[in-house]
Structures are given as structure tokens and as C-alpha cells.
Amino acid sequence: MGYRVVDTDSVEPKPDRPCECRKLAGPGGFDSAAINRFRADPGEQLPLAYHYHETQQEAFYVLDGTLSVETPEGIYEVPADDLFVVDPESPQRAYNPADADGPVTVLAIGAPPAADDAVAYDPDDE
């Protein structure tokens with residue numbers, strides 16, 4: 001048996017990210033999925049770029065605030081306590097709009113973990 005409690009605030013945010021990103025899978029000893037906690041102030045985006053994953057399915061659970069997700073189909077507004085799921089090969093860019101009332105906090109889970117399968121997406125290439 002194995003159990004762990006991870007103080008997410010003790011996990012150092014990753015440098016050079018558009019917003020605060022704490023990678024939690026490693027500290028939690030979790031190797032079946034990527035787990036990240038994002039906190040984005042108004043005007044900040046979660047990913048490094050508009051992108052899609054070749055093999056990874058992602059789920060964004062909004063803890064507080066409202067997450068905006070740009071897709072080729074339009075923009076989704078995801079309120080607190082809702083889950084937004086992105087299938088592989090589906091482009092997205094999650095962000096907190098500049099005119100938001102405050103920060104958005106999101107728990108993002110991606111499975112399988114795939115460090116190198118993100119592909120930049122340019123909507124102008126469509």
C-alpha cells in the first residue's frame with residue numbers, strides 16, 4: 001500500500017511559463033498521467049502556445065474563476081466546478097481573459113503522460 005499527501009503550494013512553479021504552473025505528478029509519485037495546477041491572472045494563458053496533443057487526452061477542472069478555451073470551433077467558457085475535456089489532435093488554448101474579474105485556478109490532467117507530443121497549432125494555416 002502507498003499513500004501520499006502533497007502540499008501543492010510547496011511545489012515550486014515551473015519557470016518560463018505564461019502563468020503559475022505547478023507540476024504535481026512527480027511529487028505525488030504518479031506516473032500514469034500528468035497532473036498540473038495552473039493559476040492564471042487576467043490576461044494570462046495556461047499553455048505555452050495554441051496547440052494540440054497527438055496522443056494525450058486532457059481534462060481541465062476549474063477550481064475557481066472562469067476558464068476560457070479557444071478552439072477552431074469557437075471559445076468555450078468553463079465556470080468553476082465544470083470540467084472541459086480535450087481529445088487528442090484537438091487544438092486548444094486555455095486562458096483567463098484580460099477583462100476577467102480575477103484569477104482562474106485549474107487542475108489539468110493529461111493521460112497518457114506525454115512530454116513531447118504537443119504540436120503548435122496556427123489557426124491561420126487552416
# chains A, B, ... in the order shown; residues from 1 in each chain; ligands from 1
call {"tool": "select_by_dssp", "arguments": {"residues": "segment 57-126 of chain A", "states": "strand (DSSP E or B)", "output": "PyMOL selection string"}}
result
chain A and resi 57-64+66-71+74-79+83-86+92-95+104-111+118-120
call {"tool": "residues_around", "arguments": {"residues": "segment 57-62 of chain A", "least_positions_apart": "3", "cutoff": "6 Å", "atoms": "only C-alpha atoms", "output": "CSV table (one decimal) with N, CA and C atoms, in the first residue's frame"}}
result
chain,number,residue,atom,x,y,z
A,80,ALA,N,-16.4,27.6,-12.7
A,80,ALA,CA,-15.9,26.8,-11.5
A,80,ALA,C,-16.8,25.6,-11.4
A,81,ASP,N,-16.2,24.5,-11.0
A,81,ASP,CA,-16.8,23.2,-10.8
A,81,ASP,C,-17.2,22.5,-12.1
A,82,ASP,N,-16.8,23.0,-13.2
A,82,ASP,CA,-17.1,22.3,-14.5
A,82,ASP,C,-15.8,21.7,-15.0
A,83,LEU,N,-15.9,20.7,-15.9
A,83,LEU,CA,-14.8,20.0,-16.5
A,83,LEU,C,-14.8,20.2,-18.0
A,84,PHE,N,-13.7,20.6,-18.6
A,84,PHE,CA,-13.5,20.7,-20.0
A,84,PHE,C,-12.6,19.6,-20.5
A,85,VAL,N,-13.0,18.8,-21.4
A,85,VAL,CA,-12.2,17.7,-21.9
A,85,VAL,C,-11.8,17.9,-23.3
A,86,VAL,N,-10.5,17.6,-23.6
A,86,VAL,CA,-9.9,17.8,-25.0
A,86,VAL,C,-9.4,16.5,-25.4
A,87,ASP,N,-9.9,16.0,-26.6
A,87,ASP,CA,-9.4,14.7,-27.1
A,87,ASP,C,-8.1,15.0,-27.9
A,88,PRO,N,-7.3,13.9,-28.1
A,88,PRO,CA,-6.1,14.0,-28.9
A,88,PRO,C,-6.4,14.7,-30.3
A,106,VAL,N,-7.0,26.1,-12.1
A,106,VAL,CA,-7.4,24.9,-12.9
A,106,VAL,C,-6.5,23.8,-12.5
A,107,LEU,N,-7.1,22.6,-12.3
A,107,LEU,CA,-6.4,21.3,-12.2
A,107,LEU,C,-6.5,20.7,-13.6
A,108,ALA,N,-5.3,20.5,-14.2
A,108,ALA,CA,-5.3,19.8,-15.5
A,108,ALA,C,-4.7,18.5,-15.4
A,109,ILE,N,-5.4,17.5,-16.0
A,109,ILE,CA,-4.9,16.1,-16.0
A,109,ILE,C,-4.8,15.7,-17.5
A,110,GLY,N,-3.6,15.1,-17.8
A,110,GLY,CA,-3.4,14.6,-19.2
A,110,GLY,C,-3.0,13.1,-19.1
A,111,ALA,N,-3.6,12.3,-20.0
A,111,ALA,CA,-3.3,10.9,-20.0
A,111,ALA,C,-3.3,10.4,-21.4
call {"tool": "residues_around", "arguments": {"residues": "Val104 of chain A", "least_positions_apart": "4", "cutoff": "7 Å", "atoms": "only C-alpha atoms", "output": "list in words"}}
result
Arg39, Ala40, Asp41, Asp64, Gly65, Thr66, Leu67 and Asn96 of chain A
call {"tool": "residues_around", "arguments": {"residues": "segment 13-26 of chain A", "least_positions_apart": "5", "cutoff": "6 Å", "atoms": "only C-alpha atoms", "output": "PyMOL selection string"}}
result
chain A and resi 34-40+44-46
call {"tool": "write_last_selection", "arguments": {"atoms": "N, CA, C and O atoms", "output": "PDB file, in the first residue's frame"}}
result
ATOM      1  N   ALA A  34      -0.230  13.096 -16.401  1.00  0.00           N
ATOM      2  CA  ALA A  34       0.340  14.374 -15.983  1.00  0.00           C
ATOM      3  C   ALA A  34      -0.727  15.104 -15.168  1.00  0.00           C
ATOM      4  O   ALA A  34      -1.906  15.078 -15.524  1.00  0.00           O
ATOM      5  N   ILE A  35      -0.312  15.724 -14.075  1.00  0.00           N
ATOM      6  CA  ILE A  35      -1.233  16.492 -13.240  1.00  0.00           C
ATOM      7  C   ILE A  35      -0.585  17.844 -12.970  1.00  0.00           C
ATOM      8  O   ILE A  35       0.521  17.902 -12.430  1.00  0.00           O
ATOM      9  N   ASN A  36      -1.277  18.915 -13.358  1.00  0.00           N
ATOM     10  CA  ASN A  36      -0.753  20.265 -13.165  1.00  0.00           C
ATOM     11  C   ASN A  36      -1.824  21.152 -12.548  1.00  0.00           C
ATOM     12  O   ASN A  36      -2.999  21.026 -12.880  1.00  0.00           O
ATOM     13  N   ARG A  37      -1.376  22.045 -11.668  1.00  0.00           N
ATOM     14  CA  ARG A  37      -2.280  23.080 -11.158  1.00  0.00           C
ATOM     15  C   ARG A  37      -1.830  24.408 -11.741  1.00  0.00           C
ATOM     16  O   ARG A  37      -0.669  24.794 -11.614  1.00  0.00           O
ATOM     17  N   PHE A  38      -2.765  25.075 -12.412  1.00  0.00           N
ATOM     18  CA  PHE A  38      -2.489  26.372 -13.020  1.00  0.00           C
ATOM     19  C   PHE A  38      -3.247  27.451 -12.268  1.00  0.00           C
ATOM     20  O   PHE A  38      -4.401  27.242 -11.858  1.00  0.00           O
ATOM     21  N   ARG A  39      -2.623  28.599 -12.116  1.00  0.00           N
ATOM     22  CA  ARG A  39      -3.310  29.797 -11.616  1.00  0.00           C
ATOM     23  C   ARG A  39      -2.934  30.928 -12.573  1.00  0.00           C
ATOM     24  O   ARG A  39      -1.761  31.269 -12.693  1.00  0.00           O
ATOM     25  N   ALA A  40      -3.950  31.441 -13.277  1.00  0.00           N
ATOM     26  CA  ALA A  40      -3.715  32.471 -14.291  1.00  0.00           C
ATOM     27  C   ALA A  40      -4.434  33.744 -13.906  1.00  0.00           C
ATOM     28  O   ALA A  40      -5.641  33.741 -13.657  1.00  0.00           O
ATOM     29  N   GLU A  44      -3.561  36.190 -18.776  1.00  0.00           N
ATOM     30  CA  GLU A  44      -2.562  35.123 -18.899  1.00  0.00           C
ATOM     31  C   GLU A  44      -3.180  33.868 -19.504  1.00  0.00           C
ATOM     32  O   GLU A  44      -4.353  33.581 -19.306  1.00  0.00           O
ATOM     33  N   GLN A  45      -2.356  33.111 -20.247  1.00  0.00           N
ATOM     34  CA  GLN A  45      -2.806  31.830 -20.782  1.00  0.00           C
ATOM     35  C   GLN A  45      -2.120  30.702 -20.035  1.00  0.00           C
ATOM     36  O   GLN A  45      -1.078  30.903 -19.406  1.00  0.00           O
ATOM     37  N   LEU A  46      -2.704  29.496 -20.103  1.00  0.00           N
ATOM     38  CA  LEU A  46      -2.142  28.345 -19.411  1.00  0.00           C
ATOM     39  C   LEU A  46      -1.024  27.684 -20.206  1.00  0.00           C
ATOM     40  O   LEU A  46       0.065  27.473 -19.672  1.00  0.00           O
TER      41      LEU A  46
END
call {"tool": "residues_around", "arguments": {"residues": "Asp101 of chain A", "least_positions_apart": "2", "cutoff": "9 Å", "atoms": "only C-alpha atoms", "output": "list in words"}}
result
Pro42, Gly65, Ala98, Asp99 and Pro103 of chain A
call {"tool": "select_by_dssp", "arguments": {"residues": "chain A", "states": "helix (DSSP H, G or I)", "output": "number ranges by chain"}}
result
A: 8-10, 25-28, 123-125
call {"tool": "atom_distance", "arguments": {"atom1": "atom CA of Gln56 of chain A", "atom2": "atom CA of Ala115 of chain A"}}
result
9.5 Å
call {"tool": "residues_around", "arguments": {"residues": "Gln92 of chain A", "least_positions_apart": "6", "cutoff": "10 Å", "atoms": "only C-alpha atoms", "output": "list in words"}}
result
Pro47, Ala49, Tyr50, His51, Tyr52, His53, Val69, Glu70, Thr71, Pro72, Glu73, Gly74, Ile75, Val86, Ala120 and Tyr121 of chain A
